[in-house]
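J.: The following file, data-v3.txt, comprises compact mmCIF, C-alpha atoms:
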```txt
# COMPACT_ATOMS: atom_id res chain seq x y z
CA ARG P 21 -2.00 10.50 36.86
CA ILE P 22 -2.58 13.86 38.48
CA ARG P 23 -2.73 14.95 42.10
CA ASN P 24 -5.52 16.94 43.71
CA ARG P 25 -4.99 19.85 46.08
CA ARG P 26 -4.67 17.48 49.07
CA GLY P 27 -1.83 15.64 47.37
CA GLY P 28 -3.80 12.52 46.63
CA ALA P 29 -3.79 10.68 43.37
CA GLY P 30 -6.47 11.81 40.97
CA ALA P 31 -8.04 10.09 37.98
CA PRO P 32 -5.88 9.45 34.90
CA VAL P 33 -5.80 12.27 32.40
CA PRO P 34 -8.00 11.31 29.45
CA ALA P 35 -6.63 11.25 25.94
CA MET P 36 -7.25 14.69 24.46
CA ALA P 37 -7.43 13.39 20.89
CA SER P 38 -10.52 11.31 21.60
CA THR P 39 -12.40 14.30 23.01
CA HIS P 40 -11.72 16.50 19.99
CA ARG P 41 -12.82 14.16 17.24
CA PRO P 42 -15.23 15.71 14.73
CA PRO P 43 -18.72 14.18 14.52
CA LEU P 44 -19.00 11.12 12.33
CA HIS P 45 -21.19 12.87 9.77
CA ILE P 46 -18.54 15.57 9.38
CA CYS P 47 -15.91 12.88 8.77
CA ALA P 48 -18.14 11.28 6.14
CA ALA P 49 -18.70 14.65 4.44
CA LEU P 50 -14.98 15.41 4.40
CA THR P 51 -14.31 11.98 2.92
CA ALA P 52 -16.86 12.61 0.18
CA VAL P 53 -15.12 15.88 -0.64
CA CYS P 54 -11.73 14.14 -0.80
CA VAL P 55 -13.13 11.46 -3.12
CA ALA P 56 -14.65 14.10 -5.39
CA ILE P 57 -11.34 15.97 -5.52
CA ALA P 58 -9.46 12.78 -6.40
CA LEU P 59 -11.92 11.82 -9.13
CA HIS P 60 -11.93 15.27 -10.72
CA ARG P 61 -8.30 16.25 -10.26
CA PRO P 62 -6.78 17.76 -13.42
CA ALA P 63 -4.33 15.79 -15.51
CA VAL P 64 -0.70 16.63 -14.81
CA ALA P 65 1.48 17.14 -17.86
CA ALA P 66 4.75 16.52 -16.04
CA ALA P 67 7.73 14.76 -17.57
CA ARG P 68 7.65 11.37 -15.88
CA PRO P 69 10.69 9.07 -15.54
CA PRO P 70 10.33 5.75 -17.41
CA SER P 71 10.04 3.85 -14.13
CA ARG P 72 7.16 6.08 -12.98
CA SER P 73 5.24 6.45 -16.22
CA PHE P 74 1.72 5.62 -14.99
CA ALA P 75 -0.54 8.64 -14.54
CA ASP P 76 -3.71 6.83 -13.43
CA PHE P 77 -4.67 3.64 -11.63
CA GLU P 78 -6.46 2.15 -14.64
CA SER P 79 -3.21 1.98 -16.63
CA PHE P 80 -1.27 0.81 -13.56
CA TRP P 81 -3.62 -2.08 -12.69
CA PRO P 82 -2.36 -4.51 -15.41
CA LEU P 83 1.20 -4.12 -14.09
CA TYR P 84 0.03 -4.72 -10.53
CA VAL P 85 -1.78 -7.92 -11.51
CA GLN P 86 1.22 -9.09 -13.55
CA GLN P 87 3.52 -8.54 -10.58
CA HIS P 88 1.10 -10.58 -8.44
CA SER P 89 0.44 -13.33 -10.97
CA LEU P 90 1.17 -16.30 -8.71
CA THR P 91 -1.59 -17.85 -6.61
CA THR P 92 0.51 -17.76 -3.43
CA THR P 93 1.26 -14.08 -3.93
CA LYS P 94 -2.40 -13.19 -4.33
CA LEU P 95 -3.46 -15.26 -1.33
CA LEU P 96 -0.86 -13.82 1.03
CA HIS P 97 -1.58 -10.29 -0.15
CA GLY P 98 -5.27 -10.86 0.48
CA VAL P 99 -4.62 -12.42 3.88
CA GLY P 100 -2.28 -9.59 4.86
CA THR P 101 -4.78 -6.89 3.93
CA THR P 102 -7.60 -8.76 5.66
CA LEU P 103 -5.61 -9.22 8.87
CA VAL P 104 -4.85 -5.50 9.04
CA VAL P 105 -8.55 -4.65 8.61
CA LEU P 106 -9.64 -7.25 11.18
CA SER P 107 -7.01 -6.20 13.72
CA ILE P 108 -8.25 -2.62 13.55
CA ALA P 109 -11.89 -3.70 13.81
CA VAL P 110 -11.30 -6.02 16.78
CA ARG P 111 -9.07 -3.60 18.66
CA LEU P 112 -11.03 -0.40 18.14
CA GLY P 113 -14.61 -1.54 17.68
CA ALA P 114 -17.06 -0.76 14.91
CA ALA P 115 -17.49 2.99 15.42
CA SER P 116 -13.79 3.82 15.71
CA SER P 117 -12.94 1.43 12.88
CA LEU P 118 -15.36 3.30 10.65
CA ARG P 119 -13.56 6.52 11.47
CA VAL P 120 -10.22 4.90 10.66
CA GLY P 121 -11.63 3.67 7.37
CA LEU P 122 -12.88 7.11 6.44
CA GLY P 123 -9.49 8.55 7.35
CA LEU P 124 -7.75 5.96 5.20
CA VAL P 125 -9.97 6.74 2.21
CA SER P 126 -9.47 10.48 2.66
CA GLY P 127 -5.72 10.07 3.01
CA ILE P 128 -5.44 7.91 -0.10
CA CYS P 129 -7.54 10.32 -2.15
CA LEU P 130 -5.38 13.26 -1.12
CA SER P 131 -2.29 11.14 -1.76
CA LEU P 132 -3.28 10.99 -5.44
CA LEU P 133 -2.70 14.73 -5.51
CA GLY P 134 0.66 14.12 -3.90
CA ALA P 135 1.44 11.51 -6.54
CA ASP P 136 0.71 14.07 -9.26
CA ALA P 137 2.84 16.70 -7.52
CA THR P 138 5.83 14.34 -7.28
CA ALA P 139 5.37 12.77 -10.73
CA SER P 140 8.65 14.15 -12.05
CA CYS P 141 10.72 12.68 -9.20
CA SER P 142 12.98 9.82 -10.18
CA SER P 143 12.07 7.88 -7.04
CA GLY P 144 8.77 7.06 -5.41
CA LEU P 145 10.10 7.93 -1.95
CA PRO P 146 8.80 11.53 -1.94
CA GLU P 147 5.37 10.27 -2.97
CA ALA P 148 5.49 7.61 -0.25
CA ALA P 149 6.40 10.19 2.38
CA VAL P 150 3.48 12.39 1.32
CA MET P 151 1.12 9.40 1.27
CA VAL P 152 2.04 8.18 4.76
CA SER P 153 1.82 11.70 6.18
CA LEU P 154 -1.62 12.33 4.69
CA ILE P 155 -3.03 8.95 5.75
CA VAL P 156 -1.65 9.22 9.27
CA GLY P 157 -2.92 12.80 9.55
CA ALA P 158 -6.41 12.00 8.28
CA VAL P 159 -6.76 8.96 10.54
CA ARG P 160 -5.54 11.03 13.49
CA LEU P 161 -8.05 13.78 12.73
CA TYR P 162 -11.03 11.47 12.32
CA SER P 163 -10.37 8.84 14.99
CA GLY P 164 -7.70 10.15 17.36
CA LEU P 165 -5.56 7.08 16.67
CA PRO P 166 -1.92 7.90 17.48
CA PRO P 167 0.33 8.24 14.41
CA SER P 168 2.61 5.46 15.64
CA GLN P 169 -0.26 2.97 15.68
CA THR P 170 -1.47 4.00 12.24
CA ALA P 171 2.04 3.67 10.84
CA ALA P 172 2.39 0.27 12.53
CA HIS P 173 -0.83 -1.00 10.92
CA LEU P 174 0.34 0.22 7.52
CA ALA P 175 3.70 -1.47 8.00
CA CYS P 176 2.13 -4.77 9.07
CA GLY P 177 0.17 -4.82 5.83
CA TYR P 178 3.44 -5.31 3.96
CA VAL P 179 4.89 -8.19 6.01
CA LEU P 180 2.89 -11.01 4.41
CA PRO P 181 3.08 -9.49 0.93
CA TRP P 182 6.87 -9.44 1.13
CA ALA P 183 6.81 -13.03 2.39
CA ALA P 184 4.60 -13.88 -0.56
CA ARG P 185 7.11 -12.47 -3.00
CA CYS P 186 9.92 -14.56 -1.51
CA SER P 187 8.00 -17.84 -1.15
CA ALA P 188 6.29 -17.52 -4.52
CA SER P 189 9.65 -16.98 -6.19
CA SER P 190 11.15 -20.07 -4.59
CA ALA P 191 8.07 -22.13 -5.45
CA THR P 192 8.46 -21.51 -9.18
CA ALA P 193 11.63 -23.33 -10.14
CA GLY P 194 13.03 -22.20 -13.44
CA ARG P 195 10.75 -19.20 -13.62
CA PRO P 196 12.21 -15.73 -12.92
CA SER P 197 10.64 -13.58 -10.28
CA ASN P 198 8.32 -10.79 -11.43
CA PHE P 199 10.60 -8.21 -9.87
CA THR P 200 13.61 -7.78 -7.65
CA LEU P 201 13.40 -7.12 -3.96
CA PRO P 202 14.72 -3.82 -2.61
CA ARG P 203 18.35 -3.61 -1.58
CA SER P 204 17.57 -4.37 2.07
CA SER P 205 16.04 -7.70 0.98
CA GLN P 206 18.64 -8.79 -1.57
CA VAL P 207 20.02 -11.33 0.90
CA ALA P 208 16.61 -13.02 1.18
CA HIS P 209 16.28 -12.82 -2.59
CA PHE P 210 19.62 -14.53 -3.09
CA PHE P 211 19.05 -17.37 -0.61
CA VAL P 212 15.34 -17.96 -1.33
CA GLU P 213 15.43 -17.74 -5.10
CA ARG P 214 19.02 -18.98 -5.39
CA ASN P 215 19.79 -16.59 -8.23
CA ARG P 216 21.47 -13.25 -8.64
CA PRO P 217 19.34 -10.16 -9.34
CA PHE P 218 20.13 -8.28 -12.53
CA ALA P 219 22.45 -11.08 -13.70
CA GLY P 220 21.96 -11.82 -17.37
CA ARG P 221 18.38 -10.63 -17.52
CA ARG P 222 16.79 -8.06 -19.74
CA PRO P 223 15.20 -4.92 -18.28
CA LEU P 224 11.45 -4.53 -18.22
CA ALA P 225 9.81 -3.41 -21.43
CA ALA P 226 9.10 0.29 -21.79
CA SER P 227 5.38 -0.36 -21.37
CA GLY P 228 6.03 -1.54 -17.82
CA VAL P 229 4.31 -4.89 -18.38
CA SER P 230 6.35 -8.04 -18.66
CA SER P 231 5.68 -10.43 -21.49
CA GLY P 232 6.71 -13.40 -19.36
CA ALA P 233 9.59 -14.32 -21.65
CA PRO P 234 12.39 -16.34 -20.02
CA GLY P 235 14.99 -14.11 -18.46
CA GLU P 236 12.81 -11.01 -18.42
CA TRP P 237 13.14 -9.02 -15.24
CA CYS P 238 11.28 -6.12 -13.72
CA THR P 239 13.98 -4.10 -11.99
CA ARG P 240 11.78 -2.32 -9.47
CA PRO P 241 8.65 -3.37 -7.56
CA ALA P 242 5.65 -1.14 -8.05
CA THR P 243 5.54 -0.38 -4.33
CA PHE P 244 8.64 1.77 -4.69
CA SER P 245 7.79 3.48 -7.96
CA HIS P 246 4.04 4.06 -7.50
CA PRO P 247 3.33 3.66 -3.75
CA THR P 248 -0.13 5.24 -3.84
CA PHE P 249 -1.34 3.13 -6.77
CA SER P 250 0.22 0.09 -5.14
CA LEU P 251 -1.69 0.64 -1.90
CA ILE P 252 -4.92 1.09 -3.84
CA GLY P 253 -4.04 -2.08 -5.73
CA ASP P 254 -3.83 -4.06 -2.48
CA PHE P 255 -7.45 -3.26 -1.68
CA ALA P 256 -8.51 -3.67 -5.32
CA LEU P 257 -6.89 -7.10 -5.38
CA LEU P 258 -8.70 -8.17 -2.21
CA GLY P 259 -12.03 -6.94 -3.58
CA SER P 260 -11.47 -8.64 -6.94
CA LEU P 261 -10.64 -11.94 -5.25
CA LEU P 262 -13.65 -11.80 -2.92
CA THR P 263 -16.03 -11.00 -5.76
CA GLY P 264 -14.51 -13.53 -8.14
CA ARG P 265 -13.64 -10.92 -10.78
CA LEU P 266 -9.99 -11.99 -10.71
CA PRO P 267 -9.07 -15.72 -10.66
CA LEU P 268 -6.22 -16.78 -8.42
CA ASN P 269 -4.19 -17.93 -11.41
CA ALA P 270 -4.78 -14.78 -13.45
CA THR P 271 -1.73 -13.02 -14.87
CA SER P 272 -3.68 -10.07 -16.25
CA PRO P 273 -6.95 -8.27 -15.40
CA ALA P 274 -8.60 -10.17 -18.24
CA GLY P 275 -7.73 -13.45 -16.55
```
Before we go any further, please render this structure as structure tokens.
T.:
Amino acid sequence: RIRNRRGGAGAPVPAMASTHRPPLHICAALTAVCVAIALHRPAVAAARPPSRSFADFESFWPLYVQQHSLTTTKLLHGVGTTLVVLSIAVRLGAASSLRVGLGLVSGICLSLLGADATASCSSGLPEAAVMVSLIVGAVRLYSGLPPSQTAAHLACGYVLPWAARCSASSATAGRPSNFTLPRSSQVAHFFVERNRPFAGRRPLAASGVSSGAPGEWCTRPATFSHPTFSLIGDFALLGSLLTGRLPLNATSPAG
């Protein structure tokens, strides 16, 4: 609150971000430009590590579906993505939610350029940092939503998916998990699945797609090797489930 010249309390200072938002049609035009750049970006001939070998989403999609082959995993991923979208829509309203959506699309499209630029990195962390920065920045520019809230919504979208990976693993007795959890979740992995990661199991095939043979193990979830493709996959999975293009029991894009 501010004080006037007489020392009294004045009206609260309005949020400056909301008064400097570009018009909606400008946001839509910028989003169209970002989509065009993403679709026509040149191929990058960088030496990619084996764990980060996918150069486009089309080749990555079969791995994503294989790593989300269980019905419970698909359902909780879909519910998690839907809850994030609904929470934004209910909290911000239709007009602001549209701006957030445009910012998300713009940020993801620009993140594909970041994925190409960091293709030679052995870890997906640099790509993830670029992705989060671009998404948060685009959403901030279009809608005025504070970066902390955008980051919180992105983080919440991963809570149910991680729960899905744990519960789906424990629900399939005798069947190995599609991948290991990150180091911070190894305790949950041990107690939920009641097995030891990396113990007596073969590494993932060079193609990146598991054959489903007993004992086969994917040593790294796609979220940490291809974060941008993985985020796109979350929305692609939800759309495929809603349109019926991907059955709940599918283990590959072909069903």
J.: Find, counting only C-alpha atoms, the residue in P:Ser140, P:Arg111, P:Tyr162, P:Trp81 that gets nearest to P:His45.
T.: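 Among P:Ser140, P:Arg111, P:Tyr162, P:Trp81, it is P:Tyr162 that comes nearest to P:His45.
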J.: Give me the residues near stretch 57-68 of chain P as a PyMOL selection string, where near means some atom within 7 Å (using all atoms listed in the file) and where sequence neighbours in that chain fewer than 4 positions away do not count.
T.: chain P and resi 53+72-73+129-130+132+136+139-140
J.: When you draw a straight line from atom CA of P:Leu118 to atom CA of P:Pro43, how long is it in Å?
T.: 12.0 Å
J.: Mind giving me the straight-line distance from atom CA of P:His173 to atom CA of P:Val104 in Å, one decimal?
T.: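 Distance reported for this atom pair: 6.3 Å.
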J.: May I ask for the distance between atom CA of P:Ser143 and atom CA of P:Gly157, given in Å to one decimal place?
T.: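 Spanning atom CA of P:Ser143 to atom CA of P:Gly157 is a straight-line distance of 22.9 Å.
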J.: Excluding P:Ile108 and its own-chain neighbours fewer than 4 positions away, which residues fall within 9 Å of it when counting all atoms listed in the file? Please give them as a PDB file with C-alpha atoms, keeping the file's coordinate frame.
T.:
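Contents of the output file around.pdb:
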```
ATOM      1  CA  LEU P 103      -5.610  -9.220   8.870  1.00  0.00           C
ATOM      2  CA  VAL P 104      -4.850  -5.500   9.040  1.00  0.00           C
ATOM      3  CA  LEU P 112     -11.030  -0.400  18.140  1.00  0.00           C
ATOM      4  CA  GLY P 113     -14.610  -1.540  17.680  1.00  0.00           C
ATOM      5  CA  SER P 116     -13.790   3.820  15.710  1.00  0.00           C
ATOM      6  CA  SER P 117     -12.940   1.430  12.880  1.00  0.00           C
ATOM      7  CA  VAL P 120     -10.220   4.900  10.660  1.00  0.00           C
ATOM      8  CA  HIS P 173      -0.830  -1.000  10.920  1.00  0.00           C
TER       9      HIS P 173
END
```
J.: Here is a test: counting only C-alpha atoms, which residue of P:Thr51, P:Ser250, P:Gln86, P:Ser245 is nearest to P:Pro273?
T.: P:Gln86
J.: Write out as a PDB file with C-alpha atoms, in the frame of the given file the residues lying within 12 Å of P:Val55, counting all atoms listed in the file and excluding same-chain residues fewer than 5 positions away.
T.:
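To be explicit, this is the file written out as part-v9.pdb:
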```pdb
ATOM      1  CA  ALA P  48     -18.140  11.280   6.140  1.00  0.00           C
ATOM      2  CA  ALA P  49     -18.700  14.650   4.440  1.00  0.00           C
ATOM      3  CA  LEU P  50     -14.980  15.410   4.400  1.00  0.00           C
ATOM      4  CA  HIS P  60     -11.930  15.270 -10.720  1.00  0.00           C
ATOM      5  CA  ARG P  61      -8.300  16.250 -10.260  1.00  0.00           C
ATOM      6  CA  LEU P 122     -12.880   7.110   6.440  1.00  0.00           C
ATOM      7  CA  GLY P 123      -9.490   8.550   7.350  1.00  0.00           C
ATOM      8  CA  LEU P 124      -7.750   5.960   5.200  1.00  0.00           C
ATOM      9  CA  VAL P 125      -9.970   6.740   2.210  1.00  0.00           C
ATOM     10  CA  SER P 126      -9.470  10.480   2.660  1.00  0.00           C
ATOM     11  CA  GLY P 127      -5.720  10.070   3.010  1.00  0.00           C
ATOM     12  CA  ILE P 128      -5.440   7.910  -0.100  1.00  0.00           C
ATOM     13  CA  CYS P 129      -7.540  10.320  -2.150  1.00  0.00           C
ATOM     14  CA  LEU P 130      -5.380  13.260  -1.120  1.00  0.00           C
ATOM     15  CA  SER P 131      -2.290  11.140  -1.760  1.00  0.00           C
ATOM     16  CA  LEU P 132      -3.280  10.990  -5.440  1.00  0.00           C
ATOM     17  CA  LEU P 133      -2.700  14.730  -5.510  1.00  0.00           C
TER      18      LEU P 133
END
```
J.: Considering all atoms listed in the file, return as a ChimeraX atom specification whatever protein or nucleic-acid residues lie within 9 Å of P:Ala171, sequence-local ones (same chain, fewer than 3 positions apart) excluded.
T.: /P:152,155-156,166-168,174-176
J.: From the set P:Thr243, P:Ser71, P:Ser79, P:Gln87, which residue has the shortest atom-to-atom contact distance to P:Ala270, counting all atoms listed in the file?
T.: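 Going through P:Thr243, P:Ser71, P:Ser79, P:Gln87 one by one, the smallest distance to P:Ala270 is for P:Gln87.
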J.: Between P:Tyr84, P:Leu95, P:Pro69, P:Ala114, single out the one closest to P:Ile252, counting all atoms listed in the file.
T.: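 Of the candidates, the smallest distance to P:Ile252 is held by P:Tyr84.
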J.: Could you tell me which of P:Ala115, P:Leu44, P:Leu257, P:Ala242 comes closest to P:Lys94 if we count only C-alpha atoms?
T.: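 With only C-alpha atoms as the atom set, the closest residue is P:Leu257.
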J.: Which of these, P:Ser142, P:Thr101, P:Thr92, P:Thr170, has the shortest distance to P:Asn269 once you count all atoms listed in the file?
T.: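 Among P:Ser142, P:Thr101, P:Thr92, P:Thr170, it is P:Thr92 that comes nearest to P:Asn269.
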